[in-house]
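Content type PDB, C-alpha atoms, pLDDT in the B column, from the file my_file_37.pdb:
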```pdb
ATOM      1  CA  MET A   1     -36.934  60.750 -52.810  1.00 40.00           C
ATOM      2  CA  ILE A   2     -39.563  61.775 -55.379  1.00 46.00           C
ATOM      3  CA  ARG A   3     -38.685  58.754 -57.522  1.00 48.00           C
ATOM      4  CA  MET A   4     -39.145  56.458 -54.518  1.00 45.00           C
ATOM      5  CA  ILE A   5     -42.562  57.961 -53.734  1.00 43.00           C
ATOM      6  CA  ALA A   6     -43.571  57.679 -57.399  1.00 44.00           C
ATOM      7  CA  ALA A   7     -42.495  54.033 -57.439  1.00 48.00           C
ATOM      8  CA  VAL A   8     -44.519  53.266 -54.294  1.00 46.00           C
ATOM      9  CA  VAL A   9     -47.598  55.017 -55.709  1.00 47.00           C
ATOM     10  CA  ALA A  10     -47.232  53.178 -59.039  1.00 53.00           C
ATOM     11  CA  ALA A  11     -46.934  49.832 -57.233  1.00 55.00           C
ATOM     12  CA  ALA A  12     -50.026  50.609 -55.141  1.00 53.00           C
ATOM     13  CA  LEU A  13     -52.026  51.540 -58.244  1.00 53.00           C
ATOM     14  CA  LEU A  14     -50.955  48.334 -59.970  1.00 60.00           C
ATOM     15  CA  ALA A  15     -52.019  46.312 -56.923  1.00 58.00           C
ATOM     16  CA  ILE A  16     -55.417  48.030 -56.835  1.00 56.00           C
ATOM     17  CA  GLY A  17     -55.852  47.435 -60.582  1.00 56.00           C
ATOM     18  CA  ALA A  18     -54.950  43.759 -60.182  1.00 55.00           C
ATOM     19  CA  ALA A  19     -57.464  43.389 -57.348  1.00 57.00           C
ATOM     20  CA  ARG A  20     -60.190  44.787 -59.604  1.00 63.00           C
ATOM     21  CA  ALA A  21     -59.272  42.681 -62.628  1.00 72.00           C
ATOM     22  CA  GLU A  22     -62.120  40.875 -64.311  1.00 80.00           C
ATOM     23  CA  PRO A  23     -62.164  37.096 -63.905  1.00 82.00           C
ATOM     24  CA  PRO A  24     -61.026  35.175 -66.987  1.00 83.00           C
ATOM     25  CA  ALA A  25     -63.610  33.900 -69.448  1.00 91.00           C
ATOM     26  CA  LEU A  26     -65.077  30.479 -68.745  1.00 94.00           C
ATOM     27  CA  SER A  27     -63.458  27.655 -70.687  1.00 94.00           C
ATOM     28  CA  GLN A  28     -63.867  23.975 -71.463  1.00 96.00           C
ATOM     29  CA  GLY A  29     -60.164  23.306 -71.800  1.00 96.00           C
ATOM     30  CA  GLU A  30     -56.816  24.417 -73.097  1.00 96.00           C
ATOM     31  CA  ALA A  31     -53.125  23.607 -73.249  1.00 97.00           C
ATOM     32  CA  LEU A  32     -50.823  25.579 -70.956  1.00 97.00           C
ATOM     33  CA  TYR A  33     -47.076  26.155 -71.326  1.00 97.00           C
ATOM     34  CA  VAL A  34     -45.319  26.461 -67.947  1.00 98.00           C
ATOM     35  CA  PRO A  35     -41.649  27.543 -67.752  1.00 97.00           C
ATOM     36  CA  VAL A  36     -39.384  25.503 -65.456  1.00 96.00           C
ATOM     37  CA  TYR A  37     -36.107  26.865 -64.166  1.00 92.00           C
ATOM     38  CA  SER A  38     -34.047  23.781 -63.284  1.00 87.00           C
ATOM     39  CA  THR A  39     -30.895  25.865 -62.928  1.00 86.00           C
ATOM     40  CA  VAL A  40     -30.259  29.508 -62.161  1.00 84.00           C
ATOM     41  CA  LEU A  41     -27.027  30.910 -63.524  1.00 85.00           C
ATOM     42  CA  HIS A  42     -25.512  33.726 -61.456  1.00 85.00           C
ATOM     43  CA  GLY A  43     -22.408  35.594 -60.448  1.00 87.00           C
ATOM     44  CA  ASN A  44     -19.350  36.181 -62.577  1.00 89.00           C
ATOM     45  CA  LEU A  45     -17.836  33.971 -65.232  1.00 87.00           C
ATOM     46  CA  ASP A  46     -15.149  31.602 -64.005  1.00 89.00           C
ATOM     47  CA  SER A  47     -11.793  30.932 -65.729  1.00 90.00           C
ATOM     48  CA  ARG A  48     -13.608  28.652 -68.234  1.00 93.00           C
ATOM     49  CA  GLY A  49     -16.100  31.426 -69.083  1.00 89.00           C
ATOM     50  CA  LYS A  50     -18.954  29.737 -67.183  1.00 89.00           C
ATOM     51  CA  PRO A  51     -21.190  31.404 -64.568  1.00 90.00           C
ATOM     52  CA  ALA A  52     -21.921  29.824 -61.195  1.00 86.00           C
ATOM     53  CA  GLN A  53     -25.167  27.859 -61.039  1.00 87.00           C
ATOM     54  CA  VAL A  54     -27.690  26.664 -58.481  1.00 87.00           C
ATOM     55  CA  LEU A  55     -29.813  23.591 -59.150  1.00 90.00           C
ATOM     56  CA  LEU A  56     -33.494  24.088 -58.304  1.00 92.00           C
ATOM     57  CA  SER A  57     -36.338  21.713 -57.550  1.00 94.00           C
ATOM     58  CA  SER A  58     -39.620  22.428 -59.285  1.00 96.00           C
ATOM     59  CA  MET A  59     -43.178  21.789 -58.174  1.00 97.00           C
ATOM     60  CA  LEU A  60     -45.887  22.104 -60.795  1.00 98.00           C
ATOM     61  CA  SER A  61     -49.174  23.032 -59.134  1.00 97.00           C
ATOM     62  CA  ILE A  62     -52.520  22.618 -60.923  1.00 98.00           C
ATOM     63  CA  ARG A  63     -55.468  24.216 -59.077  1.00 98.00           C
ATOM     64  CA  ASN A  64     -59.092  23.976 -60.125  1.00 98.00           C
ATOM     65  CA  THR A  65     -60.518  27.420 -59.378  1.00 97.00           C
ATOM     66  CA  ASP A  66     -64.139  26.554 -60.144  1.00 97.00           C
ATOM     67  CA  PRO A  67     -66.540  26.278 -57.156  1.00 97.00           C
ATOM     68  CA  LYS A  68     -68.946  23.910 -58.952  1.00 97.00           C
ATOM     69  CA  GLY A  69     -67.324  22.224 -61.946  1.00 97.00           C
ATOM     70  CA  SER A  70     -64.669  19.544 -62.241  1.00 98.00           C
ATOM     71  CA  ILE A  71     -61.757  19.556 -64.650  1.00 98.00           C
ATOM     72  CA  VAL A  72     -59.850  16.622 -66.117  1.00 98.00           C
ATOM     73  CA  ILE A  73     -56.076  16.809 -66.392  1.00 97.00           C
ATOM     74  CA  LYS A  74     -55.586  15.091 -69.769  1.00 97.00           C
ATOM     75  CA  SER A  75     -51.775  15.243 -69.882  1.00 96.00           C
ATOM     76  CA  VAL A  76     -48.713  16.653 -68.166  1.00 97.00           C
ATOM     77  CA  LYS A  77     -45.530  16.479 -70.232  1.00 97.00           C
ATOM     78  CA  TYR A  78     -42.031  17.652 -69.330  1.00 97.00           C
ATOM     79  CA  TYR A  79     -39.761  19.025 -72.064  1.00 97.00           C
ATOM     80  CA  ASP A  80     -36.062  19.874 -71.981  1.00 96.00           C
ATOM     81  CA  THR A  81     -34.307  23.056 -73.098  1.00 94.00           C
ATOM     82  CA  ASP A  82     -34.211  21.794 -76.695  1.00 96.00           C
ATOM     83  CA  GLY A  83     -37.956  21.038 -76.741  1.00 96.00           C
ATOM     84  CA  LYS A  84     -37.548  17.246 -76.556  1.00 97.00           C
ATOM     85  CA  MET A  85     -40.167  15.514 -74.398  1.00 97.00           C
ATOM     86  CA  ILE A  86     -38.325  13.745 -71.611  1.00 96.00           C
ATOM     87  CA  ARG A  87     -41.203  12.661 -69.385  1.00 96.00           C
ATOM     88  CA  ASP A  88     -44.944  12.034 -69.659  1.00 97.00           C
ATOM     89  CA  TYR A  89     -46.471  12.138 -66.182  1.00 95.00           C
ATOM     90  CA  GLN A  90     -49.224   9.574 -66.789  1.00 92.00           C
ATOM     91  CA  ASP A  91     -50.078   9.425 -63.064  1.00 89.00           C
ATOM     92  CA  ALA A  92     -50.881  13.168 -63.157  1.00 89.00           C
ATOM     93  CA  ARG A  93     -53.895  12.480 -65.396  1.00 91.00           C
ATOM     94  CA  LYS A  94     -56.839  12.822 -63.069  1.00 95.00           C
ATOM     95  CA  ASN A  95     -60.159  14.432 -62.297  1.00 97.00           C
ATOM     96  CA  LEU A  96     -59.997  17.512 -60.058  1.00 98.00           C
ATOM     97  CA  GLY A  97     -63.237  18.381 -58.314  1.00 98.00           C
ATOM     98  CA  PRO A  98     -64.235  21.927 -57.361  1.00 98.00           C
ATOM     99  CA  PHE A  99     -61.273  23.699 -55.734  1.00 98.00           C
ATOM    100  CA  GLY A 100     -59.205  20.486 -56.025  1.00 98.00           C
ATOM    101  CA  SER A 101     -55.500  20.578 -56.786  1.00 97.00           C
ATOM    102  CA  SER A 102     -52.672  18.334 -57.911  1.00 96.00           C
ATOM    103  CA  ASP A 103     -48.927  18.632 -58.236  1.00 96.00           C
ATOM    104  CA  VAL A 104     -45.890  17.147 -59.961  1.00 97.00           C
ATOM    105  CA  PHE A 105     -42.411  17.353 -58.435  1.00 96.00           C
ATOM    106  CA  VAL A 106     -38.998  17.433 -60.130  1.00 95.00           C
ATOM    107  CA  GLU A 107     -36.042  16.953 -57.775  1.00 94.00           C
ATOM    108  CA  HIS A 108     -33.225  19.479 -57.792  1.00 89.00           C
ATOM    109  CA  LYS A 109     -30.750  16.717 -58.687  1.00 91.00           C
ATOM    110  CA  ASP A 110     -32.742  15.995 -61.883  1.00 93.00           C
ATOM    111  CA  THR A 111     -30.825  17.973 -64.509  1.00 91.00           C
ATOM    112  CA  SER A 112     -32.501  16.299 -67.512  1.00 93.00           C
ATOM    113  CA  GLY A 113     -34.514  19.420 -68.355  1.00 93.00           C
ATOM    114  CA  GLY A 114     -31.528  21.727 -68.644  1.00 89.00           C
ATOM    115  CA  ASN A 115     -31.671  25.422 -67.771  1.00 88.00           C
ATOM    116  CA  SER A 116     -34.943  26.184 -69.544  1.00 91.00           C
ATOM    117  CA  ALA A 117     -37.245  23.180 -69.298  1.00 96.00           C
ATOM    118  CA  ASN A 118     -41.033  23.400 -69.430  1.00 97.00           C
ATOM    119  CA  PHE A 119     -44.249  21.583 -68.712  1.00 97.00           C
ATOM    120  CA  VAL A 120     -47.203  21.430 -71.077  1.00 97.00           C
ATOM    121  CA  VAL A 121     -50.467  20.771 -69.240  1.00 97.00           C
ATOM    122  CA  VAL A 122     -53.658  19.915 -71.141  1.00 97.00           C
ATOM    123  CA  TRP A 123     -56.985  20.050 -69.303  1.00 97.00           C
ATOM    124  CA  GLU A 124     -60.667  19.913 -70.224  1.00 97.00           C
ATOM    125  CA  SER A 125     -64.122  20.108 -68.704  1.00 97.00           C
ATOM    126  CA  GLN A 126     -67.566  18.911 -69.764  1.00 96.00           C
ATOM    127  CA  THR A 127     -69.032  22.332 -68.965  1.00 96.00           C
ATOM    128  CA  PRO A 128     -67.582  25.870 -69.080  1.00 97.00           C
ATOM    129  CA  VAL A 129     -65.577  26.502 -65.878  1.00 98.00           C
ATOM    130  CA  ASN A 130     -63.128  28.980 -64.419  1.00 97.00           C
ATOM    131  CA  PRO A 131     -59.715  28.082 -65.914  1.00 97.00           C
ATOM    132  CA  PRO A 132     -57.310  26.502 -63.432  1.00 97.00           C
ATOM    133  CA  ILE A 133     -54.283  28.277 -62.023  1.00 97.00           C
ATOM    134  CA  VAL A 134     -51.204  26.402 -63.198  1.00 98.00           C
ATOM    135  CA  GLU A 135     -47.836  27.483 -61.791  1.00 98.00           C
ATOM    136  CA  CYS A 136     -44.415  26.041 -61.169  1.00 97.00           C
ATOM    137  CA  ILE A 137     -42.601  26.903 -57.961  1.00 96.00           C
ATOM    138  CA  ASN A 138     -38.847  26.770 -58.580  1.00 94.00           C
ATOM    139  CA  ALA A 139     -36.947  26.485 -55.295  1.00 94.00           C
ATOM    140  CA  TYR A 140     -33.643  25.896 -53.545  1.00 91.00           C
ATOM    141  CA  PHE A 141     -33.289  25.808 -49.761  1.00 89.00           C
ATOM    142  CA  PHE A 142     -30.009  24.919 -48.091  1.00 85.00           C
ATOM    143  CA  GLY A 143     -28.822  26.296 -44.773  1.00 85.00           C
ATOM    144  CA  SER A 144     -29.180  30.050 -44.775  1.00 87.00           C
ATOM    145  CA  GLN A 145     -29.432  30.233 -48.565  1.00 83.00           C
ATOM    146  CA  SER A 146     -32.789  30.113 -50.284  1.00 87.00           C
ATOM    147  CA  VAL A 147     -34.328  30.949 -53.623  1.00 86.00           C
ATOM    148  CA  ALA A 148     -37.985  30.434 -54.525  1.00 91.00           C
ATOM    149  CA  PHE A 149     -40.048  31.960 -57.297  1.00 92.00           C
ATOM    150  CA  PRO A 150     -43.087  31.021 -59.383  1.00 95.00           C
ATOM    151  CA  SER A 151     -43.538  30.764 -63.115  1.00 95.00           C
ATOM    152  CA  THR A 152     -47.047  30.945 -64.513  1.00 96.00           C
ATOM    153  CA  GLY A 153     -48.691  28.814 -67.191  1.00 96.00           C
ATOM    154  CA  ARG A 154     -49.810  30.526 -70.391  1.00 96.00           C
ATOM    155  CA  PRO A 155     -52.340  29.216 -72.889  1.00 95.00           C
ATOM    156  CA  ILE A 156     -50.913  27.876 -76.150  1.00 95.00           C
ATOM    157  CA  ARG A 157     -52.254  26.080 -79.200  1.00 87.00           C
ATOM    158  CA  SER A 158     -51.672  22.415 -78.512  1.00 71.00           C
ATOM    159  CA  ALA A 159     -49.883  20.085 -80.897  1.00 61.00           C
ATOM    160  CA  ASP A 160     -51.886  17.160 -79.474  1.00 57.00           C
TER     161      ASP A 160
END
```

Once you've parsed the file, please lay out its structure as structure tokens.
Amino acid sequence: MIRMIAAVVAAALLAIGAARAEPPALSQGEALYVPVYSTVLHGNLDSRGKPAQVLLSSMLSIRNTDPKGSIVIKSVKYYDTDGKMIRDYQDARKNLGPFGSSDVFVEHKDTSGGNSANFVVVWESQTPVNPPIVECINAYFFGSQSVAFPSTGRPIRSAD
């Protein structure tokens, strides 16, 4: 019982701390690495030594969080588990005005990324702005079964 109360208090303190977090520094651009979970392995191993798997769809969401400045999505590239680029989403290159957003969708039947695919998103702005929120929602909905969870983009040094 004490452990449960301690866990609830710790979670509440973390939530309060997150609510008080300082906004990120203004930026004029960066490259972001976003994990994609095309497949979730689960359960026990079968007679061949393989776990069960569920194929997931993935929606990359790019959200300009700046109330005044625009950002330009320079590139959105999709890489497979081995790090090989398998798709360059040229149509995702666009200007996002204040609070504008854009998305890219990968169907659940698209297994080209493997279990651990990723997006690399490169954006820039003419003036310092709030960095965008870039996330991927990985989801499966069928009948009474559903799985949905986000993965968050993290800044990286770009190879471009």

Would you mind reading off the distance between atom CA of A:Ser57 and atom CA of A:Glu107, one decimal, in Å?
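Atom CA of A:Glu107 lies at a distance of 4.8 Å from atom CA of A:Ser57.
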
Can you turn the PyMOL selection byres ((chain A and resi 68) around 9) into a concrete residue list for this file, as a short mmCIF file (atom, residue, chain, number, x, y, z; two decimals) with C-alpha atoms, keeping the file's coordinate frame?
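As a result, result14.cif now contains:
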```
data_model
loop_
_atom_site.label_atom_id
_atom_site.label_comp_id
_atom_site.auth_asym_id
_atom_site.auth_seq_id
_atom_site.Cartn_x
_atom_site.Cartn_y
_atom_site.Cartn_z
CA ASP A 66 -64.14 26.55 -60.14
CA PRO A 67 -66.54 26.28 -57.16
CA GLY A 69 -67.32 22.22 -61.95
CA SER A 70 -64.67 19.54 -62.24
CA GLY A 97 -63.24 18.38 -58.31
CA PRO A 98 -64.24 21.93 -57.36
CA PHE A 99 -61.27 23.70 -55.73
CA VAL A 129 -65.58 26.50 -65.88
#
```

Under the rule that only C-alpha atoms are counted, which of A:Gln145, A:Asn64, A:Gln126, A:Ser47 is the nearest residue to A:Leu96?
A:Asn64

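The gap separating atom CA of A:Ser58 from atom CA of A:Lys74 is 20.5 Å, in Å to one decimal.
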
Care to translate the PyMOL selection byres ((chain A and resi 140) around 8) into actual residues of this file, as a list in words?
Val54, Leu55, Leu56, Ser57, His108, Asn138, Ala139, Phe141, Phe142, Gln145, Ser146, Val147 and Ala148 of chain A

Resulting file, chosen residues, C-alpha atoms, as a PDB file, in the coordinates of the input:
```pdb
ATOM      1  CA  VAL A  54     -27.690  26.664 -58.481  1.00 87.00           C
ATOM      2  CA  LEU A  55     -29.813  23.591 -59.150  1.00 90.00           C
ATOM      3  CA  LEU A  56     -33.494  24.088 -58.304  1.00 92.00           C
ATOM      4  CA  SER A  57     -36.338  21.713 -57.550  1.00 94.00           C
ATOM      5  CA  HIS A 108     -33.225  19.479 -57.792  1.00 89.00           C
ATOM      6  CA  ASN A 138     -38.847  26.770 -58.580  1.00 94.00           C
ATOM      7  CA  ALA A 139     -36.947  26.485 -55.295  1.00 94.00           C
ATOM      8  CA  PHE A 141     -33.289  25.808 -49.761  1.00 89.00           C
ATOM      9  CA  PHE A 142     -30.009  24.919 -48.091  1.00 85.00           C
ATOM     10  CA  GLN A 145     -29.432  30.233 -48.565  1.00 83.00           C
ATOM     11  CA  SER A 146     -32.789  30.113 -50.284  1.00 87.00           C
ATOM     12  CA  VAL A 147     -34.328  30.949 -53.623  1.00 86.00           C
ATOM     13  CA  ALA A 148     -37.985  30.434 -54.525  1.00 91.00           C
TER      14      ALA A 148
END
```

I would like the residues chosen by the PyMOL selection byres ((chain A and resi 121) around 12) on the shown file; could you give them as an MDAnalysis selection string?
chainID A and resid 29:35 60:63 72:79 88:90 92:94 102:104 118:120 122:124 132:136 152:160
